[in-house]
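Structure data (compact mmCIF, C-alpha atoms and all ligand atoms) from protein-v3.txt:
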# COMPACT_ATOMS: atom_id res chain seq x y z
CA MET A 1 0.00 0.00 0.00
CA ALA A 2 2.95 2.29 0.61
CA SER A 3 4.90 0.89 -2.32
CA ASP A 4 4.83 4.31 -4.00
CA MET A 5 6.65 5.89 -1.04
CA ILE A 6 10.38 6.30 -0.71
CA LEU A 7 12.24 7.62 2.31
CA TYR A 8 15.95 8.47 2.30
CA TRP A 9 17.23 8.33 5.86
CA GLY A 10 20.47 8.20 7.82
CA ALA A 11 21.23 6.20 10.96
CA GLY A 12 21.25 8.22 14.19
CA SER A 13 19.28 11.12 12.71
CA GLY A 14 16.43 12.30 14.95
CA PRO A 15 14.54 14.02 12.09
CA CYS A 16 14.71 10.80 10.01
CA TRP A 17 13.51 8.78 12.97
CA ARG A 18 10.48 11.07 13.28
CA ALA A 19 9.44 10.28 9.70
CA MET A 20 10.04 6.55 10.23
CA ILE A 21 7.97 6.41 13.44
CA CYS A 22 5.18 8.22 11.67
CA LEU A 23 5.20 5.83 8.71
CA GLU A 24 4.96 2.87 11.12
CA GLU A 25 2.22 4.47 13.23
CA LYS A 26 0.14 5.13 10.12
CA GLY A 27 0.49 1.50 9.02
CA LEU A 28 2.70 2.36 6.04
CA SER A 29 5.62 0.11 6.90
CA ASP A 30 6.05 -1.26 3.38
CA TYR A 31 7.47 2.01 2.06
CA THR A 32 10.81 1.85 0.24
CA SER A 33 13.48 2.56 2.78
CA LYS A 34 16.79 3.92 1.48
CA LEU A 35 19.49 4.07 4.10
CA ILE A 36 22.15 6.60 3.17
CA SER A 37 25.59 7.10 4.70
CA PHE A 38 26.35 10.59 5.99
CA ASP A 39 30.02 9.58 6.24
CA ASN A 40 30.08 8.83 2.51
CA LYS A 41 28.22 12.09 1.81
CA GLU A 42 25.35 10.21 0.19
CA HIS A 43 22.96 12.97 1.34
CA LYS A 44 24.68 15.17 -1.27
CA SER A 45 24.22 12.60 -4.06
CA ASP A 46 22.19 13.52 -7.17
CA GLU A 47 19.59 10.93 -6.13
CA VAL A 48 18.89 12.73 -2.83
CA LEU A 49 19.42 16.27 -4.17
CA LYS A 50 16.73 15.59 -6.77
CA ILE A 51 14.26 15.22 -3.91
CA ASN A 52 15.75 17.50 -1.28
CA PRO A 53 17.79 20.34 -2.79
CA ARG A 54 19.26 21.06 0.66
CA GLY A 55 20.95 17.65 0.53
CA GLN A 56 19.46 16.66 3.87
CA ALA A 57 17.73 13.58 5.23
CA PRO A 58 14.91 12.80 5.65
CA ALA A 59 13.98 13.19 1.99
CA PHE A 60 10.56 11.78 1.17
CA LYS A 61 8.51 11.15 -1.95
CA HIS A 62 4.96 9.73 -2.21
CA GLY A 63 4.04 9.08 -5.81
CA ASN A 64 4.80 12.43 -7.43
CA VAL A 65 4.51 14.36 -4.17
CA ILE A 66 7.80 15.42 -2.61
CA VAL A 67 7.80 16.36 1.07
CA ASN A 68 10.92 17.26 2.99
CA GLU A 69 11.33 18.52 6.59
CA SER A 70 10.49 15.88 9.18
CA LEU A 71 7.58 17.77 10.76
CA ALA A 72 6.05 18.42 7.34
CA ILE A 73 6.38 14.73 6.43
CA CYS A 74 4.57 13.76 9.64
CA LEU A 75 1.76 16.28 9.12
CA TYR A 76 1.40 15.18 5.50
CA LEU A 77 1.11 11.52 6.49
CA GLU A 78 -1.40 12.26 9.23
CA ASN A 79 -3.57 14.35 6.89
CA THR A 80 -3.32 11.96 3.96
CA PHE A 81 -3.96 8.81 6.00
CA LYS A 82 -6.27 10.28 8.63
CA ALA A 83 -8.43 7.21 9.08
CA GLN A 84 -5.53 4.77 9.19
CA GLY A 85 -3.29 3.59 12.05
CA THR A 86 -2.68 5.72 15.14
CA LYS A 87 -4.56 9.02 15.30
CA LEU A 88 -1.68 11.45 15.71
CA LEU A 89 -3.69 14.69 15.81
CA PRO A 90 -6.77 14.79 18.09
CA ASP A 91 -9.94 16.41 16.76
CA ASP A 92 -10.62 18.39 19.92
CA PRO A 93 -9.29 21.93 19.20
CA ALA A 94 -7.69 22.43 22.63
CA GLN A 95 -5.95 19.07 22.52
CA GLN A 96 -4.92 19.58 18.91
CA GLY A 97 -3.47 22.99 19.77
CA LEU A 98 -1.35 21.46 22.52
CA VAL A 99 -0.15 18.58 20.35
CA LEU A 100 0.86 20.96 17.55
CA GLN A 101 2.57 23.31 19.97
CA ARG A 102 4.65 20.57 21.60
CA ALA A 103 5.47 19.00 18.21
CA VAL A 104 6.96 22.26 16.92
CA GLU A 105 8.45 23.15 20.30
CA SER A 106 10.34 19.85 20.42
CA GLN A 107 12.82 21.39 18.00
CA ASN A 108 14.20 23.08 21.12
CA ILE A 109 15.09 19.71 22.65
CA ARG A 110 17.14 18.99 19.55
CA GLU A 111 18.88 22.35 19.46
CA LYS A 112 19.31 23.17 23.14
CA ALA A 113 19.40 19.84 24.94
CA ALA A 114 20.76 17.30 22.46
CA PHE A 115 22.77 19.06 19.73
CA GLY A 116 23.75 21.95 21.97
CA VAL A 117 25.98 19.81 24.17
CA LEU A 118 26.76 17.14 21.58
CA SER A 119 28.07 19.68 19.09
CA TYR A 120 30.46 20.82 21.82
CA PHE A 121 31.97 17.33 21.90
CA PHE A 122 31.64 16.38 18.22
CA ARG A 123 31.92 19.64 16.32
CA THR A 124 34.21 21.86 18.42
CA LYS A 125 37.93 21.22 18.04
CA PRO A 126 39.53 20.28 21.39
CA GLU A 127 41.77 23.36 21.21
CA ASP A 128 38.73 25.65 20.86
CA ARG A 129 36.86 24.19 23.84
CA THR A 130 36.67 26.08 27.14
CA GLU A 131 35.19 25.25 30.53
CA ALA A 132 33.00 28.36 30.30
CA MET A 133 31.56 27.28 26.94
CA LEU A 134 30.80 23.80 28.28
CA GLU A 135 29.11 25.25 31.36
CA GLU A 136 26.94 27.45 29.15
CA LYS A 137 25.89 24.52 26.95
CA LYS A 138 25.13 22.39 30.02
CA LYS A 139 23.06 25.18 31.56
CA THR A 140 20.99 25.58 28.37
CA CYS A 141 20.50 21.82 28.16
CA HIS A 142 19.33 21.50 31.77
CA GLU A 143 17.00 24.51 31.48
CA GLU A 144 15.39 22.98 28.39
CA LEU A 145 14.95 19.56 30.01
CA GLN A 146 13.46 21.22 33.08
CA VAL A 147 10.75 22.73 30.87
CA TRP A 148 9.75 19.29 29.54
CA GLU A 149 10.06 17.71 32.98
CA GLY A 150 7.53 20.32 34.14
CA TYR A 151 5.11 19.58 31.28
CA LEU A 152 5.17 15.87 32.08
CA ALA A 153 4.85 16.42 35.84
CA LYS A 154 1.73 18.52 35.24
CA LEU A 155 0.15 15.81 33.06
CA GLY A 156 0.69 13.11 35.67
CA ASP A 157 2.19 9.65 35.70
CA GLY A 158 1.91 7.52 32.56
CA SER A 159 1.36 10.52 30.29
CA HIS A 160 2.76 11.06 26.86
CA ILE A 161 4.22 14.41 25.85
CA ALA A 162 0.90 16.16 25.20
CA GLY A 163 -1.61 14.05 27.09
CA LYS A 164 -2.77 10.52 27.72
CA ASN A 165 -2.15 9.21 24.21
CA PHE A 166 0.78 8.89 21.86
CA THR A 167 0.53 11.74 19.33
CA LEU A 168 2.48 13.76 16.80
CA ALA A 169 4.12 15.50 19.77
CA ASP A 170 5.72 12.18 20.76
CA VAL A 171 6.75 11.40 17.19
CA CYS A 172 8.58 14.73 17.15
CA ALA A 173 10.05 14.83 20.67
CA PHE A 174 10.96 11.23 21.43
CA PRO A 175 13.86 10.83 18.94
CA PHE A 176 15.77 13.67 20.60
CA ILE A 177 15.14 12.37 24.12
CA ALA A 178 16.32 8.94 22.98
CA THR A 179 19.42 10.54 21.44
CA LEU A 180 20.34 11.97 24.84
CA VAL A 181 19.94 8.54 26.46
CA ARG A 182 21.94 6.91 23.65
CA MET A 183 24.77 9.35 24.30
CA GLY A 184 24.94 8.31 27.94
CA PHE A 185 23.01 11.22 29.47
CA ASN A 186 21.86 10.30 32.97
CA MET A 187 18.11 10.87 32.69
CA SER A 188 17.35 9.76 36.26
CA ARG A 189 17.78 13.42 37.32
CA TYR A 190 14.58 14.12 35.38
CA PRO A 191 12.27 11.43 36.79
CA HIS A 192 9.24 12.30 34.63
CA LEU A 193 11.32 12.34 31.46
CA ALA A 194 12.96 9.06 32.49
CA LYS A 195 9.52 7.48 32.99
CA TYR A 196 8.36 8.90 29.68
CA TYR A 197 11.40 7.42 27.93
CA ASP A 198 10.49 3.98 29.34
CA LEU A 199 6.82 4.42 28.49
CA VAL A 200 7.22 4.70 24.74
CA PRO A 201 7.20 1.05 23.89
CA ALA A 202 10.03 -0.70 22.17
CA PHE A 203 7.55 -3.19 20.71
CA LYS A 204 3.84 -3.00 19.96
CA HIS A 205 1.66 -5.71 18.39
CA GLY A 206 -1.82 -4.31 17.84
CA ASN A 207 -2.66 -2.97 21.27
CA VAL A 208 -0.22 -5.24 23.06
CA ILE A 209 2.91 -3.47 24.29
CA VAL A 210 5.91 -5.58 25.20
CA ASN A 211 9.25 -4.25 26.38
CA GLU A 212 12.38 -6.16 27.43
CA SER A 213 14.05 -8.06 24.61
CA LEU A 214 13.66 -11.51 26.15
CA ALA A 215 9.98 -10.87 26.86
CA ILE A 216 9.47 -9.75 23.24
CA CYS A 217 11.10 -12.97 21.95
CA LEU A 218 9.02 -15.16 24.28
CA TYR A 219 5.86 -13.29 23.31
CA LEU A 220 6.56 -13.79 19.59
CA GLU A 221 7.34 -17.47 20.06
CA SER A 222 4.18 -18.19 22.03
CA THR A 223 1.92 -16.01 19.83
CA PHE A 224 3.24 -17.44 16.55
CA LYS A 225 4.04 -20.95 17.73
CA ALA A 226 3.14 -22.73 14.52
CA GLN A 227 4.88 -20.22 12.28
CA GLY A 228 8.50 -19.84 11.17
CA THR A 229 11.44 -21.21 13.14
CA LYS A 230 10.55 -23.15 16.30
CA LEU A 231 12.52 -21.21 18.91
CA LEU A 232 11.48 -23.24 21.97
CA PRO A 233 11.64 -27.05 21.65
CA ASP A 234 8.76 -29.10 23.09
CA ASP A 235 11.02 -31.65 24.75
CA PRO A 236 11.22 -30.55 28.43
CA ALA A 237 14.98 -31.16 28.86
CA GLN A 238 15.82 -29.33 25.64
CA GLN A 239 13.41 -26.53 26.47
CA ALA A 240 14.96 -26.11 29.91
CA LEU A 241 18.43 -25.78 28.41
CA VAL A 242 17.27 -23.27 25.80
CA LEU A 243 15.52 -21.16 28.45
CA GLN A 244 18.52 -21.36 30.76
CA ARG A 245 20.99 -20.26 28.08
CA ALA A 246 18.61 -17.52 26.86
CA VAL A 247 18.41 -15.96 30.32
CA GLU A 248 22.07 -16.71 31.07
CA SER A 249 23.13 -14.76 27.97
CA GLN A 250 22.59 -11.62 30.03
CA ASN A 251 25.89 -12.57 31.72
CA PHE A 252 27.55 -12.64 28.32
CA ARG A 253 26.35 -9.08 27.85
CA ASP A 254 27.32 -7.86 31.32
CA ASN A 255 30.61 -9.68 31.84
CA ALA A 256 32.02 -10.26 28.39
CA ALA A 257 30.73 -7.47 26.16
CA TYR A 258 29.57 -4.44 28.16
CA GLY A 259 31.96 -5.04 31.05
CA VAL A 260 35.05 -4.27 29.01
CA LEU A 261 33.33 -1.86 26.64
CA SER A 262 32.06 0.30 29.49
CA TYR A 263 35.69 0.64 30.60
CA PHE A 264 36.51 2.26 27.27
CA PHE A 265 33.28 4.14 26.61
CA ARG A 266 31.86 5.04 30.00
CA THR A 267 34.89 5.49 32.26
CA LYS A 268 36.59 8.87 32.02
CA PRO A 269 40.25 8.49 30.96
CA GLU A 270 41.38 10.05 34.26
CA ASP A 271 39.42 7.44 36.26
CA ARG A 272 40.84 4.43 34.39
CA THR A 273 43.46 2.24 36.04
CA GLU A 274 45.42 -0.82 34.92
CA ALA A 275 43.96 -2.78 37.84
CA MET A 276 40.39 -1.96 36.77
CA LEU A 277 41.12 -2.98 33.18
CA GLU A 278 42.67 -6.25 34.35
CA GLU A 279 39.60 -7.00 36.45
CA LYS A 280 37.24 -6.36 33.52
CA LYS A 281 39.40 -8.48 31.21
CA LYS A 282 39.45 -11.33 33.73
CA ALA A 283 35.63 -11.26 34.05
CA CYS A 284 35.32 -11.18 30.25
CA PHE A 285 37.70 -14.12 29.67
CA GLU A 286 36.08 -16.22 32.42
CA GLU A 287 32.65 -15.63 30.90
CA LEU A 288 33.83 -16.51 27.39
CA GLN A 289 35.49 -19.66 28.70
CA LEU A 290 32.12 -20.84 30.02
CA TRP A 291 30.42 -20.43 26.65
CA GLU A 292 33.40 -21.95 24.87
CA GLY A 293 32.93 -24.97 27.15
CA TYR A 294 29.19 -25.21 26.42
CA LEU A 295 29.85 -25.22 22.68
CA ALA A 296 32.77 -27.66 22.94
CA LYS A 297 30.52 -30.12 24.78
CA LEU A 298 27.82 -29.88 22.11
CA GLY A 299 30.25 -30.64 19.29
CA ASP A 300 31.10 -29.04 15.97
CA GLY A 301 28.36 -27.24 14.05
CA SER A 302 26.21 -26.73 17.17
CA HIS A 303 24.18 -23.74 18.10
CA ILE A 304 24.21 -22.35 21.65
CA ALA A 305 21.81 -24.87 23.16
CA GLY A 306 21.93 -27.78 20.73
CA LYS A 307 21.80 -28.72 17.09
CA ASN A 308 19.23 -26.10 16.07
CA PHE A 309 18.94 -22.32 16.17
CA THR A 310 16.70 -21.42 19.13
CA LEU A 311 15.71 -18.60 21.43
CA ALA A 312 19.10 -19.08 23.12
CA ASP A 313 20.81 -18.00 19.90
CA ALA A 314 18.49 -15.04 19.36
CA CYS A 315 19.49 -13.89 22.85
CA THR A 316 23.23 -14.65 22.78
CA PHE A 317 24.40 -14.02 19.22
CA PRO A 318 24.00 -10.19 19.30
CA TYR A 319 26.56 -9.99 22.13
CA VAL A 320 29.02 -12.32 20.39
CA ALA A 321 28.69 -10.14 17.29
CA THR A 322 29.22 -6.99 19.39
CA LEU A 323 32.57 -8.34 20.59
CA VAL A 324 33.65 -9.05 17.01
CA ARG A 325 32.43 -5.64 15.86
CA MET A 326 34.54 -4.00 18.55
CA GLY A 327 37.67 -5.76 17.32
CA PHE A 328 37.87 -8.61 19.85
CA ASN A 329 40.06 -11.46 18.59
CA LEU A 330 37.65 -14.38 18.90
CA SER A 331 40.09 -16.91 17.43
CA ARG A 332 41.32 -17.61 20.99
CA TYR A 333 37.93 -19.24 21.56
CA PRO A 334 37.74 -21.58 18.54
CA HIS A 335 34.25 -22.94 19.26
CA LEU A 336 32.83 -19.45 19.74
CA ALA A 337 34.58 -18.31 16.55
CA LYS A 338 33.02 -21.22 14.61
CA TYR A 339 29.65 -20.42 16.19
CA TYR A 340 29.95 -16.79 15.06
CA ASP A 341 30.68 -17.95 11.50
CA LEU A 342 27.78 -20.38 11.59
CA VAL A 343 25.15 -17.85 12.66
CA LYS A 344 26.31 -14.63 11.02
CA ASP A 345 25.00 -15.64 7.58
CA ARG A 346 21.62 -16.85 8.77
CA PRO A 347 18.94 -14.91 6.82
CA SER A 348 17.25 -13.54 9.98
CA VAL A 349 20.60 -12.34 11.31
CA LYS A 350 21.61 -10.80 8.01
CA ALA A 351 18.25 -9.06 7.69
CA SER A 352 18.65 -7.47 11.13
CA TRP A 353 22.39 -6.71 10.95
CA PRO A 354 22.88 -3.12 12.22
CA PRO A 355 22.87 -0.92 9.08
CA HIS A 356 25.86 1.19 10.16
CA TRP A 357 27.93 -1.97 10.76
CA LYS A 358 27.52 -2.76 7.07
CA ASP A 359 28.90 0.56 5.92
CA THR A 360 31.84 0.95 8.27
CA PRO A 361 34.81 -1.26 9.20
CA ASN A 362 34.93 -3.05 12.56
CA LYS A 363 36.30 -0.96 15.43
CA ASP A 364 39.58 -1.71 17.16
CA VAL A 365 38.46 -0.86 20.71
CA LEU A 366 38.98 -4.44 21.95
CA LYS A 367 41.83 -5.32 19.58
CA ASP A 368 44.46 -5.45 22.30
CA ILE A 369 42.64 -7.17 25.09
N1 LIG B 1 14.73 20.59 9.56
C1 LIG B 1 15.11 19.34 8.96
C2 LIG B 1 16.50 18.98 9.47
C3 LIG B 1 17.07 17.79 8.77
C4 LIG B 1 18.53 17.60 9.14
O1 LIG B 1 19.16 18.42 9.81
N2 LIG B 1 19.08 16.47 8.69
C5 LIG B 1 20.46 16.20 8.95
C6 LIG B 1 20.60 14.81 9.52
S1 LIG B 1 20.01 14.75 11.17
C7 LIG B 1 21.24 16.26 7.64
O2 LIG B 1 20.79 15.76 6.64
N3 LIG B 1 22.41 16.87 7.70
C8 LIG B 1 23.29 16.96 6.58
C9 LIG B 1 23.39 18.37 6.08
O3 LIG B 1 22.67 19.26 6.54
O4 LIG B 1 24.23 18.56 5.20
C10 LIG B 1 14.10 18.24 9.32
O5 LIG B 1 13.53 18.29 10.42
O6 LIG B 1 13.88 17.34 8.52

Is it possible to express this structure as structure tokens?
Amino acid sequence: MASDMILYWGAGSGPCWRAMICLEEKGLSDYTSKLISFDNKEHKSDEVLKINPRGQAPAFKHGNVIVNESLAICLYLENTFKAQGTKLLPDDPAQQGLVLQRAVESQNIREKAAFGVLSYFFRTKPEDRTEAMLEEKKKTCHEELQVWEGYLAKLGDGSHIAGKNFTLADVCAFPFIATLVRMGFNMSRYPHLAKYYDLVPAFKHGNVIVNESLAICLYLESTFKAQGTKLLPDDPAQQALVLQRAVESQNFRDNAAYGVLSYFFRTKPEDRTEAMLEEKKKACFEELQLWEGYLAKLGDGSHIAGKNFTLADACTFPYVATLVRMGFNLSRYPHLAKYYDLVKDRPSVKASWPPHWKDTPNKDVLKDI
């Protein structure tokens, strides 16, 4: 139904995310999605410039209608597909006024709270940075967040940005709030914003909202039992092992992947010590040794909990792949290395491979550990 729609978008772009959320909410998920690389300057290609002469993403075309500017794209979709999917603009004039106001106003979150401070780190040369400039950016950011914290506090617990329901205001504001969280901003100082961030569901099936990755996988398996790959075997012993490894994979994340990565990404250089790094490395190696042992016991060509791909693989593989992506030399764990090679080309894994991993070489963060 949306086969005559094309959206050019770039990973990590809040404005692009707005357009993508809106397309999903309006039930238009079969649009043609064209991921472009900002690093390779694809937003300045003739193909994009033909649609958006500013050479910016999102760039959107529906049939012969070109619409650029994320907010305009969202308003266009809501007006054109009024009766379809989520109602993003309420009919009640007072409610509609508030939704429109917050949708436009959310540009301030981008400029003052997210980009304001981020541009200081990403766009200002180290030699041009000053403490005073950073303090000013931080002050502007906190003042802006305080405004939104106040709006949410006034609306009461469980509210969206402009009322009880998810609206255009959420489509416009959420991507910038999520960008702050993604960049490590500690949102717990803004308890209403933190609750709001958690409220917007990661997964929605009709009216059913499911968060938590493991819960989403279990929900999909039990709801679509007879369909696709059987992720939970019926045999009780096999099922127990699959469930155990699926839950246990959280340790892979905490001890092997995030443990060491947080040392490099979340610990300030001045707080890092050799002893701390050694401790993280030890925890990582011990964890990997356990999984190496599990795979060795199962024999060559095995998946994490047996012969077949199961829920245990859906839960564990992303963390194995994260280690490889970050430059970890997996060849020291030959069974894990073989496992990585076995699963990485599986169609479901290929289809969900992070887009920016495809365009850029692996990192070398964990090369030397
Ligand atoms: N006002 C536009 C802003 C779009 C925008 O700034 N896009 C960025 C990516 S987040 C971009 O394409 N930047 C490249 C450039 O401006 O050259 C909108 O909301 O759609």

Practice item. Compare A:Lys87, A:Asn207, A:His142, A:Ala337 by their minimum atom-to-atom distance to Leu75 (chain A), counting only C-alpha atoms, and give me the closest one. Key: A:Lys87

Check your understanding: Which protein, DNA or RNA residues have an atom within 7 Å of ligand LIG 1 (chain B), counting all atoms listed in the file, as a ChimeraX atom specification?
Key -> /A:10,13-16,43,55-58,68-71

Practice item. Determine, counting only C-alpha atoms, which protein, DNA and RNA residues have an atom within 12 Å of an atom of Lys338 (chain A); residues of the same chain fewer than 5 positions away are not included. Present the result as a PyMOL selection string. Key: chain A and resi 292+295-296+299-304+320+330-333+343-344

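Between CA of Tyr151 (chain A) and CA of Thr167 (chain A) the interatomic distance comes to 15.0 Å.
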
Check your understanding: What does the distance between CA of Ser3 (chain A) and CA of Tyr31 (chain A) come to in Å, to one decimal place?
Key -> 5.2 Å

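Distances here use all atoms listed in the file; by that measure, the residue among A:Glu111, A:Gly293, A:His192, A:Leu311 closest to Gly150 (chain A) is A:His192.
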
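Residues surrounding Leu199 (chain A) within 8 Å are Gly158, His160, Lys195 and Tyr196 of chain A [all atoms listed in the file; sequence separation below 3 positions excluded].
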
Preceding selection exported with C-alpha atoms as a CSV table (one decimal), in the frame of the given file:
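Generated output (again27.csv):
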chain,number,residue,atom,x,y,z
A,158,GLY,CA,1.9,7.5,32.6
A,160,HIS,CA,2.8,11.1,26.9
A,195,LYS,CA,9.5,7.5,33.0
A,196,TYR,CA,8.4,8.9,29.7

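Computed from the coordinates, the CA of Phe174 (chain A) to CA of Trp17 (chain A) distance equals 9.2 Å.
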
Review point. Which residues, protein or nucleic acid, reach to within 12 Å of (24.5, -2.8, 10.6) in the file's coordinates when using only C-alpha atoms, and can you give that as a list in words?
Key: Ala11, Leu35, Ser37, Pro318, Ala321, Thr322, Arg325, Lys344, Val349, Lys350, Ala351, Ser352, Trp353, Pro354, Pro355, His356, Trp357, Lys358, Asp359, Thr360, Pro361 and Asn362 of chain A
